[in-house]
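Structure file upload-v6.txt with compact mmCIF, C-alpha atoms and all ligand atoms:
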# COMPACT_ATOMS: atom_id res chain seq x y z
CA MET A 143 155.91 43.65 89.58
CA ASP A 144 155.72 40.33 91.40
CA HIS A 145 153.72 37.12 91.19
CA PHE A 146 152.13 37.22 94.66
CA GLN A 147 148.54 38.14 93.84
CA LEU A 148 145.04 37.53 95.14
CA ARG A 149 142.98 35.05 93.11
CA ASN A 150 139.41 34.30 94.15
CA GLY A 151 140.17 36.08 97.40
CA VAL A 152 143.21 33.98 98.28
CA LEU A 153 146.83 35.05 97.99
CA HIS A 154 148.79 32.92 95.54
CA ALA A 155 152.44 32.63 94.63
CA GLU A 156 152.18 32.23 90.87
CA ASN A 157 149.50 29.46 90.59
CA VAL A 158 149.99 28.01 94.04
CA PRO A 159 147.67 29.08 96.87
CA LEU A 160 149.69 29.98 99.94
CA LEU A 161 147.19 28.01 102.04
CA ARG A 162 148.54 24.86 100.42
CA ILE A 163 152.16 25.61 101.28
CA ALA A 164 151.21 26.49 104.86
CA ASP A 165 149.31 23.19 105.20
CA GLU A 166 152.00 21.03 103.68
CA VAL A 167 155.21 22.68 104.93
CA GLY A 168 153.99 24.48 108.04
CA THR A 169 154.71 28.04 109.09
CA PRO A 170 156.70 30.20 109.27
CA VAL A 171 158.04 29.56 105.78
CA TYR A 172 159.64 31.66 103.09
CA VAL A 173 158.02 31.43 99.65
CA TYR A 174 160.00 32.54 96.60
CA SER A 175 158.63 32.92 93.08
CA ARG A 176 160.79 31.69 90.23
CA ALA A 177 158.91 33.79 87.65
CA THR A 178 159.49 36.92 89.74
CA LEU A 179 163.21 36.22 90.13
CA GLU A 180 163.52 35.65 86.39
CA ARG A 181 161.54 38.76 85.61
CA HIS A 182 163.69 40.93 87.85
CA ALA A 183 166.88 39.42 86.43
CA ARG A 184 165.71 40.23 82.89
CA VAL A 185 164.45 43.71 83.73
CA PHE A 186 167.80 44.57 85.29
CA ARG A 187 169.69 43.21 82.29
CA GLU A 188 167.45 45.07 79.85
CA ALA A 189 167.92 48.26 81.86
CA LEU A 190 171.62 47.99 81.02
CA SER A 191 171.01 47.78 77.29
CA GLY A 192 172.90 51.08 76.92
CA VAL A 193 176.03 49.39 78.29
CA GLU A 194 178.13 47.07 76.18
CA ASN A 195 178.42 43.52 77.50
CA PRO A 196 177.77 44.21 81.22
CA HIS A 197 178.88 41.61 83.74
CA ILE A 198 176.11 41.01 86.26
CA ALA A 199 176.91 39.22 89.50
CA PHE A 200 174.08 38.59 91.97
CA ALA A 201 175.05 39.61 95.50
CA VAL A 202 174.75 36.20 97.13
CA LYS A 203 174.38 37.59 100.63
CA ALA A 204 170.92 38.90 99.68
CA ASN A 205 169.63 35.35 99.16
CA PRO A 206 172.12 32.49 99.16
CA ASN A 207 169.60 29.66 98.74
CA LEU A 208 170.99 27.18 96.21
CA ALA A 209 167.77 27.02 94.20
CA VAL A 210 167.57 30.82 93.99
CA LEU A 211 171.19 30.93 92.84
CA ARG A 212 170.45 28.26 90.23
CA VAL A 213 167.58 30.32 88.82
CA LEU A 214 169.96 33.27 88.46
CA ALA A 215 172.78 31.14 87.05
CA ASN A 216 170.31 29.99 84.39
CA GLU A 217 169.72 33.68 83.62
CA GLY A 218 173.43 34.08 82.96
CA TYR A 219 174.16 35.82 86.24
CA GLY A 220 177.44 35.42 88.05
CA ALA A 221 177.89 35.89 91.79
CA ASP A 222 179.31 38.50 94.11
CA VAL A 223 180.44 36.60 97.21
CA VAL A 224 181.77 37.85 100.53
CA SER A 225 182.89 34.62 102.21
CA GLY A 226 184.22 31.16 101.49
CA GLY A 227 180.77 29.82 102.34
CA GLU A 228 179.13 31.99 99.69
CA LEU A 229 181.83 31.03 97.19
CA ALA A 230 181.04 27.35 97.79
CA ARG A 231 177.32 28.03 97.32
CA ALA A 232 177.82 29.94 94.06
CA LEU A 233 179.90 27.08 92.67
CA ALA A 234 177.45 24.44 93.94
CA ALA A 235 174.60 26.31 92.27
CA GLY A 236 176.38 26.14 88.93
CA MET A 237 177.80 29.62 88.61
CA LYS A 238 180.96 29.68 86.49
CA PRO A 239 184.11 30.43 88.50
CA GLU A 240 185.10 33.16 86.02
CA ASP A 241 181.77 34.89 86.71
CA ILE A 242 182.40 35.07 90.44
CA VAL A 243 183.63 38.23 92.16
CA PHE A 244 184.98 38.01 95.71
CA SER A 245 184.35 41.11 97.86
CA GLY A 246 184.74 41.73 101.58
CA VAL A 247 187.11 43.45 104.00
CA GLY A 248 188.11 40.34 105.90
CA LYS A 249 188.90 37.62 103.38
CA THR A 250 191.09 35.15 105.26
CA HIS A 251 194.22 33.47 103.93
CA SER A 252 192.30 30.26 103.27
CA GLU A 253 189.44 32.12 101.55
CA LEU A 254 191.87 33.93 99.25
CA LEU A 255 193.58 30.64 98.45
CA ARG A 256 190.27 28.93 97.80
CA GLY A 257 189.26 31.69 95.39
CA LEU A 258 192.55 31.32 93.52
CA GLU A 259 192.28 27.55 93.35
CA GLU A 260 188.73 27.76 92.01
CA GLY A 261 189.87 30.26 89.37
CA ILE A 262 187.34 32.96 90.22
CA GLY A 263 187.02 35.92 87.88
CA GLN A 264 187.93 38.80 90.15
CA PHE A 265 188.98 39.70 93.67
CA ASN A 266 187.78 43.07 94.87
CA ILE A 267 190.70 44.06 97.06
CA GLU A 268 189.60 46.22 99.99
CA SER A 269 193.00 47.26 101.37
CA GLU A 270 196.63 47.50 100.38
CA GLU A 271 197.43 44.89 103.03
CA GLU A 272 194.99 42.43 101.49
CA GLY A 273 196.57 43.06 98.08
CA TYR A 274 200.05 42.07 99.30
CA GLU A 275 198.71 38.98 101.04
CA LEU A 276 196.88 37.85 97.92
CA ALA A 277 199.94 38.59 95.77
CA ALA A 278 202.11 36.41 98.00
CA ILE A 279 199.63 33.52 97.96
CA ALA A 280 199.23 33.74 94.20
CA GLN A 281 202.97 33.76 93.59
CA ARG A 282 203.53 30.82 95.90
CA HIS A 283 200.98 28.86 93.87
CA GLY A 284 202.22 30.06 90.48
CA ARG A 285 199.07 32.05 89.76
CA ARG A 286 198.00 35.60 89.03
CA ALA A 287 194.89 36.99 90.64
CA ALA A 288 192.69 39.30 88.58
CA CYS A 289 191.83 42.20 90.88
CA ALA A 290 189.87 45.39 91.18
CA LEU A 291 190.67 47.88 93.92
CA ARG A 292 187.60 48.79 95.92
CA VAL A 293 187.55 52.49 96.65
CA ASN A 294 185.64 54.33 99.31
CA PRO A 295 184.38 57.46 97.56
CA ASP A 296 183.20 59.20 100.76
CA VAL A 297 179.66 59.63 99.49
CA ASP A 298 176.63 59.64 101.75
CA ALA A 299 174.26 57.05 100.28
CA ARG A 300 171.40 58.54 102.33
CA THR A 301 170.24 55.13 103.48
CA HIS A 302 170.09 53.40 106.88
CA GLU A 303 173.45 53.90 108.64
CA LYS A 304 173.93 50.15 109.11
CA ILE A 305 173.84 49.53 105.36
CA SER A 306 175.81 52.60 104.27
CA THR A 307 179.24 51.50 103.05
CA GLY A 308 180.74 54.40 101.10
CA LYS A 309 181.43 57.02 103.77
CA ARG A 310 184.99 57.72 104.86
CA GLU A 311 184.26 56.35 108.32
CA ASN A 312 182.93 53.02 106.95
CA LYS A 313 185.29 50.04 106.92
CA PHE A 314 185.03 49.32 103.19
CA GLY A 315 187.57 49.95 100.43
CA VAL A 316 190.57 52.29 100.32
CA PRO A 317 190.18 56.07 100.61
CA LEU A 318 189.72 57.63 97.20
CA ASP A 319 192.58 60.08 97.68
CA ARG A 320 195.02 57.23 98.31
CA ALA A 321 193.65 54.89 95.65
CA ALA A 322 195.99 55.93 92.83
CA GLU A 323 199.22 55.35 94.77
CA ILE A 324 197.96 52.04 96.16
CA TYR A 325 196.87 50.92 92.69
CA THR A 326 200.30 51.72 91.29
CA ARG A 327 202.10 49.81 94.03
CA LEU A 328 199.81 46.77 93.76
CA SER A 329 200.19 46.81 89.96
CA SER A 330 203.88 46.04 90.34
CA GLU A 331 203.14 42.82 92.26
CA ASN A 332 203.75 39.77 90.07
CA GLY A 333 200.94 37.81 91.70
CA LEU A 334 198.32 40.42 90.83
CA GLU A 335 196.73 41.52 87.61
CA MET A 336 195.27 44.88 88.60
CA ARG A 337 192.52 45.40 86.08
CA GLY A 338 190.09 47.88 87.52
CA VAL A 339 188.28 49.62 90.32
CA ALA A 340 185.18 48.74 92.32
CA VAL A 341 182.72 50.76 94.34
CA HIS A 342 179.63 49.91 96.41
CA ILE A 343 178.27 52.70 98.56
CA GLY A 344 175.38 51.03 100.33
CA SER A 345 172.08 49.25 100.07
CA GLN A 346 168.41 50.23 99.72
CA LEU A 347 169.30 53.50 97.96
CA SER A 348 166.19 55.54 97.29
CA THR A 349 167.79 58.16 95.00
CA LEU A 350 170.31 57.89 92.20
CA GLU A 351 172.30 61.03 93.05
CA PRO A 352 174.71 59.44 95.54
CA LEU A 353 175.42 56.65 93.04
CA GLU A 354 175.99 59.17 90.27
CA THR A 355 178.37 61.17 92.47
CA ALA A 356 180.29 58.01 93.36
CA PHE A 357 180.48 56.88 89.72
CA GLU A 358 181.77 60.30 88.64
CA LYS A 359 184.55 59.97 91.20
CA VAL A 360 185.33 56.50 89.85
CA GLY A 361 185.49 57.92 86.31
CA ALA A 362 187.97 60.58 87.41
CA LEU A 363 190.03 57.93 89.19
CA ILE A 364 190.15 55.73 86.09
CA ALA A 365 191.50 58.69 84.09
CA GLU A 366 194.10 59.36 86.77
CA LEU A 367 195.17 55.70 86.92
CA ARG A 368 195.59 55.60 83.16
CA ALA A 369 197.54 58.87 83.20
CA ASN A 370 199.88 57.13 85.67
CA GLY A 371 200.33 54.27 83.22
CA GLY A 372 197.89 51.96 85.01
CA ASN A 373 195.97 49.21 83.26
CA VAL A 374 192.18 49.63 83.70
CA THR A 375 189.84 47.36 81.76
CA HIS A 376 187.06 46.82 84.31
CA ALA A 377 184.91 48.94 86.60
CA ASP A 378 182.61 47.28 89.14
CA LEU A 379 179.76 49.61 90.12
CA GLY A 380 178.39 47.40 92.93
CA GLY A 381 174.73 47.10 93.85
CA GLY A 382 172.50 49.16 96.09
CA LEU A 383 169.36 49.94 94.13
CA GLY A 384 166.43 50.15 96.58
CA VAL A 385 163.09 48.39 96.35
CA PRO A 386 159.68 49.63 97.52
CA TYR A 387 158.79 47.96 100.83
CA LYS A 388 155.66 50.01 101.30
CA THR A 389 152.79 50.12 98.82
CA GLY A 390 153.13 53.35 96.85
CA GLU A 391 156.72 54.03 97.89
CA HIS A 392 158.76 55.42 95.00
CA MET A 393 162.14 54.02 94.09
CA PRO A 394 164.35 54.70 91.08
CA SER A 395 163.60 52.07 88.46
CA PRO A 396 166.27 49.81 86.99
CA ALA A 397 165.67 51.65 83.69
CA GLU A 398 166.43 55.03 85.28
CA TYR A 399 169.50 53.52 86.93
CA GLY A 400 170.66 51.99 83.63
CA ALA A 401 170.21 55.27 81.78
CA MET A 402 172.21 57.15 84.43
CA VAL A 403 174.99 54.54 84.30
CA ALA A 404 175.16 54.69 80.50
CA ARG A 405 175.38 58.49 80.62
CA VAL A 406 177.99 58.75 83.38
CA THR A 407 180.25 55.96 82.13
CA LYS A 408 180.28 57.03 78.48
CA GLY A 409 183.82 56.94 77.16
CA TRP A 410 185.25 55.00 80.11
CA ASN A 411 186.19 52.21 77.74
CA VAL A 412 185.98 49.44 80.35
CA ARG A 413 183.81 46.39 80.92
CA LEU A 414 181.23 47.44 83.49
CA MET A 415 180.32 45.06 86.27
CA PHE A 416 177.27 45.11 88.55
CA GLU A 417 176.39 43.44 91.85
CA PRO A 418 172.63 43.76 92.38
CA GLY A 419 171.11 41.88 95.30
CA ARG A 420 167.95 43.32 96.82
CA VAL A 421 166.51 44.60 93.54
CA ILE A 422 166.58 41.06 92.13
CA ALA A 423 165.39 39.05 95.12
CA GLY A 424 163.51 41.44 97.42
CA ASN A 425 160.07 41.35 95.88
CA ALA A 426 160.50 37.73 94.79
CA GLY A 427 159.79 36.39 98.27
CA VAL A 428 157.32 36.57 101.14
CA LEU A 429 157.47 35.21 104.67
CA LEU A 430 154.30 33.22 105.30
CA THR A 431 153.18 33.15 108.91
CA ARG A 432 150.19 32.16 111.03
CA VAL A 433 148.56 34.22 113.76
CA ILE A 434 148.99 32.46 117.11
CA ARG A 435 146.69 34.76 118.99
CA SER A 436 145.53 38.29 119.38
CA LYS A 437 146.22 39.85 122.75
CA ARG A 438 144.39 42.85 124.14
CA SER A 439 146.49 45.32 126.03
CA GLY A 440 144.88 48.24 127.82
CA ASN A 441 143.03 50.61 125.56
CA GLY A 442 145.59 50.51 122.74
CA PRO A 443 145.53 48.37 119.63
CA PRO A 444 145.80 44.61 120.17
CA PHE A 445 149.08 42.75 119.87
CA VAL A 446 148.74 40.27 117.04
CA VAL A 447 151.27 37.54 117.84
CA VAL A 448 152.41 35.65 114.74
CA ASP A 449 154.52 32.50 114.57
CA ALA A 450 157.32 34.25 112.66
CA ALA A 451 159.80 36.23 114.72
CA MET A 452 162.89 38.40 114.55
CA ASN A 453 165.03 35.27 114.25
CA ASP A 454 163.27 34.45 110.94
CA LEU A 455 163.13 38.00 109.56
CA ALA A 456 165.56 40.33 111.28
CA ARG A 457 165.13 43.49 109.22
CA PRO A 458 162.42 45.16 111.33
CA ALA A 459 164.34 44.54 114.57
CA MET A 460 167.71 45.38 113.02
CA TYR A 461 166.91 48.40 110.86
CA GLY A 462 163.42 49.42 111.94
CA ALA A 463 162.42 48.25 108.46
CA TRP A 464 158.88 48.20 107.14
CA HIS A 465 157.36 45.11 105.53
CA ASP A 466 153.82 45.22 104.17
CA PHE A 467 151.71 42.73 106.11
CA ASP A 468 148.70 41.20 104.33
CA ALA A 469 146.19 38.47 105.08
CA VAL A 470 146.33 35.40 102.83
CA ALA A 471 142.52 35.27 102.74
CA PRO A 472 141.41 38.85 103.50
CA SER A 473 137.82 39.32 104.64
CA GLY A 474 137.80 42.95 103.54
CA ASP A 475 137.69 44.16 107.13
CA LYS A 476 140.60 46.19 108.47
CA MET A 477 142.12 46.65 111.90
CA THR A 478 144.89 48.55 113.61
CA ALA A 479 147.32 46.34 115.50
CA HIS A 480 150.83 45.85 116.76
CA ILE A 481 152.34 42.90 114.88
CA VAL A 482 154.80 40.99 117.03
CA GLY A 483 156.61 37.65 117.17
CA PRO A 484 156.85 35.26 120.14
CA ILE A 485 160.48 36.03 121.06
CA CYS A 486 161.22 37.42 124.48
CA GLU A 487 162.52 40.79 123.30
CA THR A 488 160.59 43.97 122.76
CA GLY A 489 162.64 44.27 119.56
CA ASP A 490 160.69 41.31 118.21
CA THR A 491 158.16 43.72 116.74
CA PHE A 492 157.29 43.79 113.05
CA ALA A 493 155.00 46.80 113.17
CA MET A 494 153.36 49.16 115.65
CA ASP A 495 149.94 50.74 115.10
CA ARG A 496 149.75 49.09 111.71
CA GLU A 497 146.58 49.44 109.70
CA CYS A 498 146.17 46.03 108.07
CA ASP A 499 143.72 43.26 107.17
CA ALA A 500 141.66 42.03 110.11
CA LEU A 501 143.12 38.78 111.44
CA VAL A 502 142.21 36.34 114.17
CA ALA A 503 144.03 33.37 115.70
CA GLY A 504 144.75 30.72 113.09
CA ASP A 505 144.69 33.07 110.10
CA LEU A 506 147.56 33.16 107.63
CA ALA A 507 149.38 36.32 106.60
CA VAL A 508 152.53 37.35 104.76
CA PHE A 509 155.31 39.80 105.25
CA ARG A 510 156.00 40.98 101.73
CA THR A 511 159.30 41.83 100.09
CA ALA A 512 161.13 39.28 102.20
CA GLY A 513 163.12 37.62 99.41
CA ALA A 514 166.31 39.55 100.16
CA TYR A 515 168.06 39.76 103.53
CA GLY A 516 165.34 37.50 104.95
CA ALA A 517 166.07 33.81 105.50
CA THR A 518 169.78 34.49 105.07
CA MET A 519 169.82 36.49 108.30
CA ALA A 520 167.87 33.87 110.26
CA SER A 521 169.17 32.63 113.58
CA SER A 522 167.98 30.08 116.10
CA TYR A 523 167.51 32.61 118.90
CA ASN A 524 165.10 31.44 121.60
CA SER A 525 165.85 27.90 120.31
CA ARG A 526 163.34 28.33 117.52
CA GLY A 527 165.12 26.40 114.79
CA PHE A 528 165.76 27.63 111.26
CA VAL A 529 162.88 28.64 109.03
CA ALA A 530 162.05 26.59 105.89
CA GLU A 531 162.20 27.99 102.34
CA THR A 532 160.15 27.06 99.27
CA LEU A 533 160.33 27.97 95.59
CA VAL A 534 157.20 28.18 93.45
CA ASP A 535 157.28 27.54 89.72
CA GLY A 536 153.89 27.89 88.04
CA ASP A 537 151.61 25.17 89.44
CA ARG A 538 154.29 23.48 91.49
CA TYR A 539 156.59 24.24 94.34
CA ALA A 540 159.49 22.62 96.14
CA VAL A 541 160.93 22.88 99.61
CA VAL A 542 164.36 24.37 98.83
CA ALA A 543 165.55 24.55 102.43
CA ASP A 544 164.30 22.18 105.11
CA ARG A 545 163.19 23.56 108.41
CA ILE A 546 165.99 22.79 110.86
CA ALA A 547 164.31 21.88 114.10
CA ALA A 548 165.57 23.15 117.43
CA ALA A 549 166.25 19.53 118.35
CA ALA A 550 168.65 19.13 115.40
CA ILE A 551 170.58 22.19 116.52
CA MET A 552 170.69 20.80 120.04
CA ASP A 553 172.16 17.58 118.59
CA ALA A 554 175.33 19.52 117.71
CA GLU A 555 175.87 20.43 121.37
CA ARG A 556 177.71 18.39 123.98
CA VAL A 557 177.73 18.38 127.76
CA PRO A 558 181.25 17.33 128.80
CA GLU A 559 181.31 14.36 131.11
CA TRP A 560 183.25 16.37 133.71
CA LEU A 561 180.09 18.31 134.37
CA ASP A 562 178.42 15.14 135.68
C1 LIG A 601 175.60 43.83 99.82
C2 LIG A 601 176.45 44.10 98.64
C3 LIG A 601 175.88 44.20 97.37
C4 LIG A 601 174.40 44.11 97.11
O1 LIG A 601 173.71 45.19 97.61
P1 LIG A 601 172.13 45.34 97.27
O2 LIG A 601 171.75 46.55 97.99
O3 LIG A 601 171.46 44.13 97.78
O4 LIG A 601 172.03 45.48 95.79
C5 LIG A 601 176.73 44.40 96.30
N1 LIG A 601 178.07 44.49 96.46
C6 LIG A 601 178.66 44.39 97.67
C7 LIG A 601 180.12 44.49 97.78
C8 LIG A 601 177.87 44.19 98.79
O5 LIG A 601 178.44 44.10 100.00

Rewrite the structure of this file - the entire thing - as structure tokens.
Amino acid sequence: MDHFQLRNGVLHAENVPLLRIADEVGTPVYVYSRATLERHARVFREALSGVENPHIAFAVKANPNLAVLRVLANEGYGADVVSGGELARALAAGMKPEDIVFSGVGKTHSELLRGLEEGIGQFNIESEEEGYELAAIAQRHGRRAACALRVNPDVDARTHEKISTGKRENKFGVPLDRAAEIYTRLSSENGLEMRGVAVHIGSQLSTLEPLETAFEKVGALIAELRANGGNVTHADLGGGLGVPYKTGEHMPSPAEYGAMVARVTKGWNVRLMFEPGRVIAGNAGVLLTRVIRSKRSGNGPPFVVVDAAMNDLARPAMYGAWHDFDAVAPSGDKMTAHIVGPICETGDTFAMDRECDALVAGDLAVFRTAGAYGATMASSYNSRGFVAETLVDGDRYAVVADRIAAAAIMDAERVPEWLD
């Protein structure tokens, strides 16, 4: 459920008509709903009521906006970060260092050091090599790093190949069949406190079976590690729960996920950790856009050219992803159209042969379910500048990320004098 609904024929975010945001901030612009973020955060937490004291860390990469992170910090969420930049954001947004988990295959020396200095709660080590590097840094600075070993369970998440992370051929984690020996070796490093295992098999998962298979493998590994004398007090089960992008699409609910987790992890005797991203933020945002013009092309459907493009919302171009596309003030009439952006790439296509609300030049529309992996993937391709972001709260809203104009980006560039 989200708070983007029609009222008196006009799409609102909570109590704010989207027409108002378009007028005052311009388009394209992301609009997030605080109430929806809070609702999703609570639903996910409640779904884990069968788990004792779960640790929930929002996957910052899904939506790193500071205001969004603050909403989730206020809900008691920690952060799963994958770069020094995300770590800085989580801290700036008020997340407690001990509630921050640092994942990622390529943490640099300075990122590892920064995490140690900030006193973050857990490093998810993705290779034996990374473990030794972190151990050395920690020892040099008289610290011990709390760590989980991320394992690659070789499970097909049955999602888009670019967001599948738990197959043997993916770059993430250590192979399951080598995890026990690596864990034992890393446990003898003075700089490390090996305290558990972590797994994350992919994103936008539409069935629970791959997760269940992966968690069962983690359970067997925990038993093996303990049999070897290993210390295991934590298990991080990652994120990955899918969201419906298409009206009517079925996805496992957080409640079904929580029930499965409670069943599979019974008797593990660890603190469970979670890293949801998309399921919290996805349906809490829309990308608001205006139709520039409609262009006839042969006998086929018209091309409806909107002012948002693949640089603002990359998912359709990157993954062939579907986003529902709705008029802000629908007339009731429908049309079939190709929905495209202005960028000079055929990939800048949001939808082909889409049946949607009838729209003409100047009309406003939204791409729904754009709150996760939306603005965060924006670029300035075609010198279009960076899209603005807003957060609605009841009757009010705030601009939570300024539009960065193409001219401001150009200001960071220099033409060396020897080119004169
Ligand atoms: C991306 C990612 C997540 C979040 O995935 P969602 O599908 O958005 O829930 C969690 N953990 C790690 C390690 C990730 O890379």

Determine, for each residue of chain A having at least one atom at most 6 Å from an atom of ligand LIG 601 (chain A), the closest pair of atoms and their separation in Å to one decimal, counting only C-alpha atoms and all ligand atoms; order by chain and ascending number, as a tab-separated table.
residue	atom	partner	partner_atom	distance
A:Ala201	CA	A:LIG601	C4	4.8
A:Ala204	CA	A:LIG601	O3	5.6
A:Ser245	CA	A:LIG601	C7	5.4
A:His342	CA	A:LIG601	C7	5.6
A:Ser345	CA	A:LIG601	O2	3.4
A:Gln346	CA	A:LIG601	O2	5.3
A:Gly380	CA	A:LIG601	N1	4.6
A:Gly381	CA	A:LIG601	O4	3.7
A:Gly382	CA	A:LIG601	O2	3.3
A:Leu383	CA	A:LIG601	O4	5.5
A:Glu417	CA	A:LIG601	C5	4.6
A:Pro418	CA	A:LIG601	O4	3.9
A:Gly419	CA	A:LIG601	O3	3.4
A:Arg420	CA	A:LIG601	O3	3.7

Given the selection you just returned, output its residues as a file containing C-alpha atoms, formatted as a short mmCIF file (atom, residue, chain, number, x, y, z; two decimals), keeping the file's coordinate frame.
data_model
loop_
_atom_site.label_atom_id
_atom_site.label_comp_id
_atom_site.auth_asym_id
_atom_site.auth_seq_id
_atom_site.Cartn_x
_atom_site.Cartn_y
_atom_site.Cartn_z
CA ALA A 201 175.05 39.61 95.50
CA ALA A 204 170.92 38.90 99.68
CA SER A 245 184.35 41.11 97.86
CA HIS A 342 179.63 49.91 96.41
CA SER A 345 172.08 49.25 100.07
CA GLN A 346 168.41 50.23 99.72
CA GLY A 380 178.39 47.40 92.93
CA GLY A 381 174.73 47.10 93.85
CA GLY A 382 172.50 49.16 96.09
CA LEU A 383 169.36 49.94 94.13
CA GLU A 417 176.39 43.44 91.85
CA PRO A 418 172.63 43.76 92.38
CA GLY A 419 171.11 41.88 95.30
CA ARG A 420 167.95 43.32 96.82
#

Which neighbours of Asn524 in chain A fall inside 12 Å, counting all atoms listed in the file, when residues of the same chain fewer than 4 positions from it are skipped, and could you give them as a list in words?
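Residues meeting the cut-off are Ala451, Met452, Asn453, Asp454, Gly483, Pro484, Ile485, Cys486, Glu487, Asp490, Ala520, Phe528, Ala548 and Ile551 of chain A.
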
Which residue out of A:Gly227, A:Pro170, A:Gly400, A:Gly372 has the minimum interatomic distance to Pro196 in chain A when all atoms listed in the file are used?
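Counting all atoms listed in the file, the residue closest to Pro196 in chain A is A:Gly400.
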
A:Tyr219, A:Phe146, A:Tyr399, A:Phe200: which is nearest Thr178 in chain A, counting only C-alpha atoms?
A:Phe146

Test item: residues at most 12 Å from Gly248 in chain A, all atoms listed in the file, excluding those fewer than 5 positions along its chain, as a count of residues only:
16

Considering all atoms listed in the file, return as a compact mmCIF listing (two decimals) with C-alpha atoms, keeping the file's coordinate frame whatever protein or nucleic-acid residues lie within 9 Å of Asp537 in chain A, sequence-local ones (same chain, fewer than 6 positions apart) excluded.
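around09.txt, freshly written:
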# COMPACT_ATOMS: atom_id res chain seq x y z
CA GLU A 156 152.18 32.23 90.87
CA ASN A 157 149.50 29.46 90.59
CA VAL A 158 149.99 28.01 94.04

Using only C-alpha atoms, what residues lie at most 10 Å away from (178.2, 50.6, 75.6) (file coordinates), given as a PyMOL selection string?
chain A and resi 190-196+404-405+407-414
